Amino acid sequence: MKAVILAGGLGTRISEETSVRPKPMVEVGGKPILWHILKIYSYYGINDFIICLGYKGYLIKEYFANYFLHMSDVTFDMKNNRMEVLQNNSEPWKVTLVDTGEQSMTGGRLKKVKKFIGDETFCFTYGDGLSNVNISDLIHFHKKQATLATLTAVQPPGRFGALDFNENKITSFQEKPKGDGAWINGGYFVLEPEVLDLIPNDMTVWEQDPLEKLSSSGQLSAYRHNGFWQPMDTLRDKIKLEELWSSNQAPWKLW
């Protein structure tokens with residue numbers, strides 16, 4: 001099975017980092033967040049990736065062009081113009097990098113990689129969200145539902161503390177509650193190729209008309225994930241992910 005990953009947006013809310021690199025290349029623990037996402041899928045046996053490039057996409061191309069070299073021990077024989085790989089520690093990944101345009105919307109990017117997807121069920125997610133969602137269970141759930149699309153529904157963590165009052169006395173204090181209980185789109189989709197027919201052009205936003213049509217026709221299922229999920233929208237989010245990684249408490253590190 002293939003996994004399609006969106007990696008072309010501007011990432012304006014974390015401009016401290018994205019002024020010089022695309023958002024999926026912002027590092028957590030010395031590795032791009034994109035690398036972490038590929039490692040999650042790879043843990044579940046998915047190693048064939050299609051990455052939708054846009055803003056500063058050449059940096060992602062350069063990263064993967066040099067990945068094999070960076071992950072291996074090598075000898076450079078300058079005299080004889082040879083390079084010998086002594087030990088290969090790289091991943092078993094096949095990575096297809098497709099320029100989907102700087103101005104394309106999320107749906108438009110997905111439509112532009114149609115020829116690389118083929119006619120089989122595929123995974124699809126954003127290049128800035130980490131989770132410990134069980135991809136195997138998600139795929140099994142999708143097949144059991146027999147709908148065209150399944151999204152992973154999550155409950156976002158609360159950002160601020162919550163207080164309950166009785167007149168002037170606080171009766172309950174929670175530093176960071178789970179949130180308001182609402183479920184939101186956490187990415188990590190499983191899709192049938194027919195969903196691409198719902199995307200008319202480059203400016204189609206996947207989260208609007210296509211998902212609304214799938215929902216209204218009963219073709220959109222929700223896989224409820226109660227575990228860890230964290231997007232990297234802001235510098236604050238990046239710092240939180242860094243802290244989890246450096247303290248060996250990163251829930252998404254399944255490998």
# chains A, B, ... in the order shown; residues from 1 in each chain; ligands from 1
$ residues_around --residues "Asn88 of chain A" --least-positions-apart "3" --cutoff "8 Å" --atoms "only C-alpha atoms" --output "compact mmCIF listing (two decimals) with C-alpha atoms, in the first residue's frame"
# COMPACT_ATOMS: atom_id res chain seq x y z
CA PHE A 68 21.35 7.26 1.40
CA MET A 71 22.81 7.11 6.51
CA SER A 72 25.74 5.02 5.28
CA ASP A 73 29.45 4.60 6.04
CA VAL A 85 29.45 2.00 0.63
$ residues_around --residues "Ser246 of chain A" --least-positions-apart "5" --cutoff "10 Å" --atoms "only C-alpha atoms" --output "number ranges by chain"
A: 28-29, 241
$ atom_distance --atom1 "atom CA of Phe76 of chain A" --atom2 "atom CA of Lys31 of chain A"
25.3 Å
$ closest_residue --among "A:Pro193, A:Pro24, A:Gly101, A:Gly107" --to "Ile60 of chain A" --atoms "only C-alpha atoms"
A:Pro24
$ select_by_dssp --residues "segment 24-210 of chain A" --states "strand (DSSP E)" --output "MDAnalysis selection string"
chainID A and resid 27:28 31:32 48:53 72:77 82:88 94:99 122:126 129:131 149:154 162:166 169:174 184:185 189:191
$ closest_residue --among "A:Ser19, A:Asn226, A:Ala65, A:Leu220" --to "Ala146 of chain A" --atoms "only C-alpha atoms"
A:Leu220
$ closest_residue --among "A:Ser136, A:Thr18, A:Asn89, A:Thr75" --to "Ile40 of chain A" --atoms "only C-alpha atoms"
A:Ser136
$ atom_distance --atom1 "atom CA of Pro22 of chain A" --atom2 "atom CA of Phe124 of chain A"
18.5 Å
$ residues_around --residues "Val4 of chain A" --least-positions-apart "2" --cutoff "12 Å" --atoms "only C-alpha atoms" --output "short mmCIF file (atom, residue, chain, number, x, y, z; two decimals) with N, CA and C atoms, in the first residue's frame"
data_model
loop_
_atom_site.label_atom_id
_atom_site.label_comp_id
_atom_site.auth_asym_id
_atom_site.auth_seq_id
_atom_site.Cartn_x
_atom_site.Cartn_y
_atom_site.Cartn_z
N MET A 1 0.84 -1.20 0.00
CA MET A 1 0.00 0.00 0.00
C MET A 1 0.87 1.25 0.00
N LYS A 2 0.40 2.28 -0.70
CA LYS A 2 1.13 3.55 -0.76
C LYS A 2 0.58 4.52 0.29
N LEU A 6 1.11 15.22 2.29
CA LEU A 6 1.10 16.62 1.88
C LEU A 6 2.30 17.34 2.51
N ALA A 7 3.12 17.95 1.66
CA ALA A 7 4.32 18.62 2.17
C ALA A 7 4.58 19.92 1.41
N LEU A 34 8.83 15.17 8.80
CA LEU A 34 8.47 14.27 7.70
C LEU A 34 9.10 12.89 7.89
N ILE A 37 7.11 10.89 10.36
CA ILE A 37 5.86 10.38 9.79
C ILE A 37 6.13 9.15 8.95
N LEU A 38 7.17 9.18 8.13
CA LEU A 38 7.54 8.01 7.33
C LEU A 38 7.90 6.82 8.21
N TYR A 41 4.66 5.08 9.46
CA TYR A 41 4.07 4.21 8.44
C TYR A 41 4.95 2.98 8.20
N ILE A 46 4.36 -0.06 5.64
CA ILE A 46 4.12 0.79 4.47
C ILE A 46 5.39 1.57 4.19
N ASN A 47 6.02 1.28 3.05
CA ASN A 47 7.31 1.87 2.72
C ASN A 47 7.34 2.55 1.35
N ASP A 48 6.17 2.68 0.72
CA ASP A 48 6.06 3.30 -0.60
C ASP A 48 5.34 4.64 -0.44
N PHE A 49 6.09 5.73 -0.59
CA PHE A 49 5.56 7.05 -0.27
C PHE A 49 5.51 7.96 -1.50
N ILE A 50 4.45 8.76 -1.57
CA ILE A 50 4.32 9.81 -2.58
C ILE A 50 4.20 11.12 -1.81
N ILE A 51 5.15 12.00 -1.99
CA ILE A 51 5.17 13.24 -1.23
C ILE A 51 4.86 14.42 -2.15
N CYS A 52 3.83 15.17 -1.79
CA CYS A 52 3.35 16.31 -2.59
C CYS A 52 4.12 17.56 -2.19
N LEU A 53 4.97 18.03 -3.09
CA LEU A 53 5.82 19.18 -2.81
C LEU A 53 5.19 20.48 -3.30
N LYS A 94 10.67 3.62 -0.66
CA LYS A 94 10.60 4.12 -2.02
C LYS A 94 9.85 5.45 -1.92
N VAL A 95 10.52 6.54 -2.27
CA VAL A 95 9.95 7.87 -2.08
C VAL A 95 9.82 8.57 -3.43
N THR A 96 8.58 8.88 -3.81
CA THR A 96 8.32 9.62 -5.05
C THR A 96 7.99 11.06 -4.68
N LEU A 97 8.78 11.99 -5.19
CA LEU A 97 8.62 13.40 -4.86
C LEU A 97 8.02 14.12 -6.06
N VAL A 98 6.84 14.72 -5.87
CA VAL A 98 6.11 15.33 -6.98
C VAL A 98 5.85 16.81 -6.69
N THR A 106 -4.98 21.70 -0.77
CA THR A 106 -4.75 20.32 -0.34
C THR A 106 -5.36 19.29 -1.29
N GLY A 107 -6.58 19.55 -1.77
CA GLY A 107 -7.21 18.63 -2.71
C GLY A 107 -6.51 18.62 -4.05
N ARG A 109 -3.40 19.20 -4.65
CA ARG A 109 -2.13 18.46 -4.53
C ARG A 109 -2.39 16.95 -4.64
N LEU A 110 -3.43 16.50 -3.97
CA LEU A 110 -3.76 15.08 -4.01
C LEU A 110 -4.12 14.64 -5.43
N LYS A 111 -4.90 15.46 -6.13
CA LYS A 111 -5.31 15.12 -7.49
C LYS A 111 -4.10 15.04 -8.43
N LYS A 112 -3.09 15.86 -8.19
CA LYS A 112 -1.93 15.91 -9.07
C LYS A 112 -1.04 14.66 -8.98
N VAL A 113 -1.23 13.86 -7.97
CA VAL A 113 -0.42 12.63 -7.86
C VAL A 113 -1.23 11.39 -8.21
N LYS A 114 -2.38 11.61 -8.84
CA LYS A 114 -3.29 10.50 -9.17
C LYS A 114 -2.58 9.38 -9.94
N PHE A 116 0.34 8.38 -9.86
CA PHE A 116 1.29 7.61 -9.05
C PHE A 116 0.58 6.71 -8.04
N ILE A 117 -0.68 7.01 -7.76
CA ILE A 117 -1.44 6.25 -6.77
C ILE A 117 -1.93 4.92 -7.34
N GLY A 118 -2.42 4.95 -8.58
CA GLY A 118 -2.95 3.74 -9.18
C GLY A 118 -4.39 3.49 -8.78
N THR A 121 -6.42 1.00 -2.80
CA THR A 121 -6.60 1.74 -1.55
C THR A 121 -5.26 2.35 -1.13
N PHE A 122 -5.30 3.58 -0.61
CA PHE A 122 -4.05 4.21 -0.19
C PHE A 122 -4.25 5.03 1.09
N CYS A 123 -3.14 5.30 1.77
CA CYS A 123 -3.15 6.15 2.95
C CYS A 123 -2.83 7.59 2.54
N PHE A 124 -3.26 8.53 3.35
CA PHE A 124 -3.09 9.94 3.02
C PHE A 124 -3.04 10.74 4.31
N THR A 125 -2.04 11.60 4.46
CA THR A 125 -1.99 12.42 5.67
C THR A 125 -1.22 13.71 5.43
N TYR A 126 -1.15 14.51 6.48
CA TYR A 126 -0.47 15.80 6.44
C TYR A 126 0.97 15.64 6.90
N GLY A 127 1.84 16.50 6.39
CA GLY A 127 3.25 16.40 6.71
C GLY A 127 3.67 17.13 7.96
N GLY A 187 -6.29 13.83 10.30
CA GLY A 187 -5.51 13.31 9.18
C GLY A 187 -5.49 11.79 9.21
N TYR A 188 -4.37 11.21 8.78
CA TYR A 188 -4.22 9.75 8.75
C TYR A 188 -5.46 9.09 8.14
N PHE A 189 -5.72 9.45 6.88
CA PHE A 189 -6.84 8.93 6.12
C PHE A 189 -6.48 7.58 5.50
N VAL A 190 -7.51 6.80 5.19
CA VAL A 190 -7.39 5.67 4.26
C VAL A 190 -8.45 5.92 3.20
N LEU A 191 -8.04 5.91 1.93
CA LEU A 191 -8.93 6.34 0.85
C LEU A 191 -8.96 5.34 -0.29
N PRO A 193 -9.34 5.12 -4.46
CA PRO A 193 -8.95 6.04 -5.54
C PRO A 193 -10.12 6.81 -6.14
#
$ closest_residue --among "A:Gly108, A:Gly129, A:Pro92, A:Pro231" --to "Leu198 of chain A" --atoms "only C-alpha atoms"
A:Gly108
$ select_by_dssp --residues "segment 18-71 of chain A" --states "alpha helix (DSSP H)" --output "JSON list (two decimals) with N, CA and C atoms, in the first residue's frame"
[["chain", "number", "residue", "atom", "x", "y", "z"],
["A", 18, "THR", "N", 9.75, 28.24, 9.09],
["A", 18, "THR", "CA", 9.42, 28.00, 7.69],
["A", 18, "THR", "C", 9.86, 29.12, 6.74],
["A", 33, "ILE", "N", 10.27, 16.46, 10.71],
["A", 33, "ILE", "CA", 9.02, 15.83, 11.14],
["A", 33, "ILE", "C", 8.51, 14.87, 10.06],
["A", 34, "LEU", "N", 8.83, 15.17, 8.80],
["A", 34, "LEU", "CA", 8.47, 14.27, 7.70],
["A", 34, "LEU", "C", 9.10, 12.89, 7.89],
["A", 35, "TRP", "N", 10.34, 12.85, 8.34],
["A", 35, "TRP", "CA", 11.03, 11.59, 8.61],
["A", 35, "TRP", "C", 10.28, 10.79, 9.67],
["A", 36, "HIS", "N", 9.83, 11.47, 10.72],
["A", 36, "HIS", "CA", 9.08, 10.80, 11.79],
["A", 36, "HIS", "C", 7.79, 10.17, 11.24],
["A", 37, "ILE", "N", 7.11, 10.89, 10.36],
["A", 37, "ILE", "CA", 5.86, 10.38, 9.79],
["A", 37, "ILE", "C", 6.13, 9.15, 8.95],
["A", 38, "LEU", "N", 7.17, 9.18, 8.13],
["A", 38, "LEU", "CA", 7.54, 8.01, 7.33],
["A", 38, "LEU", "C", 7.90, 6.82, 8.21],
["A", 39, "LYS", "N", 8.56, 7.09, 9.32],
["A", 39, "LYS", "CA", 8.94, 6.02, 10.25],
["A", 39, "LYS", "C", 7.69, 5.37, 10.87],
["A", 40, "ILE", "N", 6.66, 6.17, 11.14],
["A", 40, "ILE", "CA", 5.41, 5.63, 11.70],
["A", 40, "ILE", "C", 4.79, 4.65, 10.71],
["A", 41, "TYR", "N", 4.66, 5.08, 9.46],
["A", 41, "TYR", "CA", 4.07, 4.21, 8.44],
["A", 41, "TYR", "C", 4.95, 2.98, 8.20],
["A", 42, "SER", "N", 6.25, 3.19, 8.18],
["A", 42, "SER", "CA", 7.17, 2.09, 7.92],
["A", 42, "SER", "C", 7.07, 1.02, 8.99],
["A", 43, "TYR", "N", 6.82, 1.42, 10.21],
["A", 43, "TYR", "CA", 6.65, 0.46, 11.32],
["A", 43, "TYR", "C", 5.53, -0.52, 11.03],
["A", 57, "GLY", "N", 10.10, 23.04, -2.14],
["A", 57, "GLY", "CA", 10.14, 21.60, -2.31],
["A", 57, "GLY", "C", 11.51, 21.05, -2.66],
["A", 58, "TYR", "N", 12.36, 21.90, -3.23],
["A", 58, "TYR", "CA", 13.70, 21.45, -3.61],
["A", 58, "TYR", "C", 14.51, 21.00, -2.39],
["A", 59, "LEU", "N", 14.21, 21.57, -1.22],
["A", 59, "LEU", "CA", 14.92, 21.16, -0.01],
["A", 59, "LEU", "C", 14.56, 19.73, 0.40],
["A", 60, "ILE", "N", 13.32, 19.34, 0.15],
["A", 60, "ILE", "CA", 12.92, 17.96, 0.44],
["A", 60, "ILE", "C", 13.57, 17.02, -0.57],
["A", 61, "LYS", "N", 13.65, 17.45, -1.84],
["A", 61, "LYS", "CA", 14.34, 16.65, -2.85],
["A", 61, "LYS", "C", 15.81, 16.46, -2.48],
["A", 62, "GLU", "N", 16.45, 17.52, -2.04],
["A", 62, "GLU", "CA", 17.86, 17.44, -1.66],
["A", 62, "GLU", "C", 18.05, 16.53, -0.45],
["A", 63, "TYR", "N", 17.12, 16.58, 0.48],
["A", 63, "TYR", "CA", 17.22, 15.74, 1.67],
["A", 63, "TYR", "C", 17.22, 14.26, 1.29],
["A", 64, "PHE", "N", 16.28, 13.87, 0.44],
["A", 64, "PHE", "CA", 16.20, 12.46, 0.06],
["A", 64, "PHE", "C", 17.30, 12.07, -0.94],
["A", 65, "ALA", "N", 17.75, 13.02, -1.74],
["A", 65, "ALA", "CA", 18.85, 12.73, -2.65],
["A", 65, "ALA", "C", 20.11, 12.37, -1.87],
["A", 67, "TYR", "N", 20.01, 11.28, 1.37],
["A", 67, "TYR", "CA", 19.66, 10.45, 2.53],
["A", 67, "TYR", "C", 20.49, 9.17, 2.58],
["A", 68, "PHE", "N", 20.59, 8.51, 1.45],
["A", 68, "PHE", "CA", 21.35, 7.26, 1.40],
["A", 68, "PHE", "C", 22.80, 7.50, 1.83],
["A", 69, "LEU", "N", 23.37, 8.59, 1.34],
["A", 69, "LEU", "CA", 24.75, 8.93, 1.66],
["A", 69, "LEU", "C", 24.90, 9.24, 3.15],
["A", 70, "HIS", "N", 23.96, 10.02, 3.69],
["A", 70, "HIS", "CA", 24.04, 10.42, 5.09],
["A", 70, "HIS", "C", 23.85, 9.25, 6.05]]
$ decode --residues "segment 28-129 of chain A" --atoms "C-alpha atoms" --output "short mmCIF file (atom, residue, chain, number, x, y, z; two decimals), in the first residue's frame"
data_model
loop_
_atom_site.label_atom_id
_atom_site.label_comp_id
_atom_site.auth_asym_id
_atom_site.auth_seq_id
_atom_site.Cartn_x
_atom_site.Cartn_y
_atom_site.Cartn_z
CA VAL A 28 12.22 17.24 15.98
CA GLY A 29 15.11 15.47 17.66
CA GLY A 30 17.46 16.34 14.82
CA LYS A 31 15.23 14.76 12.15
CA PRO A 32 12.57 16.42 9.96
CA ILE A 33 9.02 15.83 11.14
CA LEU A 34 8.47 14.27 7.70
CA TRP A 35 11.03 11.59 8.61
CA HIS A 36 9.08 10.80 11.79
CA ILE A 37 5.86 10.38 9.79
CA LEU A 38 7.54 8.01 7.33
CA LYS A 39 8.94 6.02 10.25
CA ILE A 40 5.41 5.63 11.70
CA TYR A 41 4.07 4.21 8.44
CA SER A 42 7.17 2.09 7.92
CA TYR A 43 6.65 0.46 11.32
CA TYR A 44 3.36 -0.88 9.96
CA GLY A 45 4.97 -2.15 6.76
CA ILE A 46 4.12 0.79 4.47
CA ASN A 47 7.31 1.87 2.72
CA ASP A 48 6.06 3.30 -0.60
CA PHE A 49 5.56 7.05 -0.27
CA ILE A 50 4.32 9.81 -2.58
CA ILE A 51 5.17 13.24 -1.23
CA CYS A 52 3.35 16.31 -2.59
CA LEU A 53 5.82 19.18 -2.81
CA GLY A 54 5.20 22.90 -3.10
CA TYR A 55 6.86 25.64 -1.06
CA LYS A 56 10.67 25.14 -1.09
CA GLY A 57 10.14 21.60 -2.31
CA TYR A 58 13.70 21.45 -3.61
CA LEU A 59 14.92 21.16 -0.01
CA ILE A 60 12.92 17.96 0.44
CA LYS A 61 14.34 16.65 -2.85
CA GLU A 62 17.86 17.44 -1.66
CA TYR A 63 17.22 15.74 1.67
CA PHE A 64 16.20 12.46 0.06
CA ALA A 65 18.85 12.73 -2.65
CA ASN A 66 21.48 12.75 0.10
CA TYR A 67 19.66 10.45 2.53
CA PHE A 68 21.35 7.26 1.40
CA LEU A 69 24.75 8.93 1.66
CA HIS A 70 24.04 10.42 5.09
CA MET A 71 22.81 7.11 6.51
CA SER A 72 25.74 5.02 5.28
CA ASP A 73 29.45 4.60 6.04
CA VAL A 74 31.40 5.33 2.88
CA THR A 75 34.91 5.49 1.51
CA PHE A 76 35.71 8.09 -1.16
CA ASP A 77 38.59 6.99 -3.34
CA MET A 78 39.53 10.31 -4.96
CA LYS A 79 42.41 8.88 -6.96
CA ASN A 80 40.26 6.27 -8.71
CA ASN A 81 37.04 8.32 -8.71
CA ARG A 82 35.09 5.70 -6.70
CA MET A 83 32.73 5.69 -3.77
CA GLU A 84 32.38 2.50 -1.74
CA VAL A 85 29.45 2.00 0.63
CA LEU A 86 30.80 0.20 3.69
CA GLN A 87 27.58 -0.13 5.67
CA ASN A 88 24.06 0.85 4.68
CA ASN A 89 21.76 1.96 7.50
CA SER A 90 19.10 3.60 5.36
CA GLU A 91 15.41 2.71 5.34
CA PRO A 92 13.61 0.36 2.92
CA TRP A 93 11.69 3.30 1.49
CA LYS A 94 10.60 4.12 -2.02
CA VAL A 95 9.95 7.87 -2.08
CA THR A 96 8.32 9.62 -5.05
CA LEU A 97 8.62 13.40 -4.86
CA VAL A 98 6.11 15.33 -6.98
CA ASP A 99 6.02 19.09 -7.47
CA THR A 100 2.33 19.93 -7.04
CA GLY A 101 2.74 23.72 -7.28
CA GLU A 102 3.21 26.42 -4.70
CA GLN A 103 -0.37 27.72 -4.89
CA SER A 104 -2.28 24.42 -5.04
CA MET A 105 -4.72 23.62 -2.24
CA THR A 106 -4.75 20.32 -0.34
CA GLY A 107 -7.21 18.63 -2.71
CA GLY A 108 -5.41 19.94 -5.76
CA ARG A 109 -2.13 18.46 -4.53
CA LEU A 110 -3.76 15.08 -4.01
CA LYS A 111 -5.31 15.12 -7.49
CA LYS A 112 -1.93 15.91 -9.07
CA VAL A 113 -0.42 12.63 -7.86
CA LYS A 114 -3.29 10.50 -9.17
CA LYS A 115 -1.14 8.70 -11.75
CA PHE A 116 1.29 7.61 -9.05
CA ILE A 117 -1.44 6.25 -6.77
CA GLY A 118 -2.95 3.74 -9.18
CA ASP A 119 -6.20 1.88 -8.58
CA GLU A 120 -5.65 0.62 -5.04
CA THR A 121 -6.60 1.74 -1.55
CA PHE A 122 -4.05 4.21 -0.19
CA CYS A 123 -3.15 6.15 2.95
CA PHE A 124 -3.09 9.94 3.02
CA THR A 125 -1.99 12.42 5.67
CA TYR A 126 -0.47 15.80 6.44
CA GLY A 127 3.25 16.40 6.71
CA ASP A 128 3.07 18.09 10.10
CA GLY A 129 1.15 15.81 12.47
#
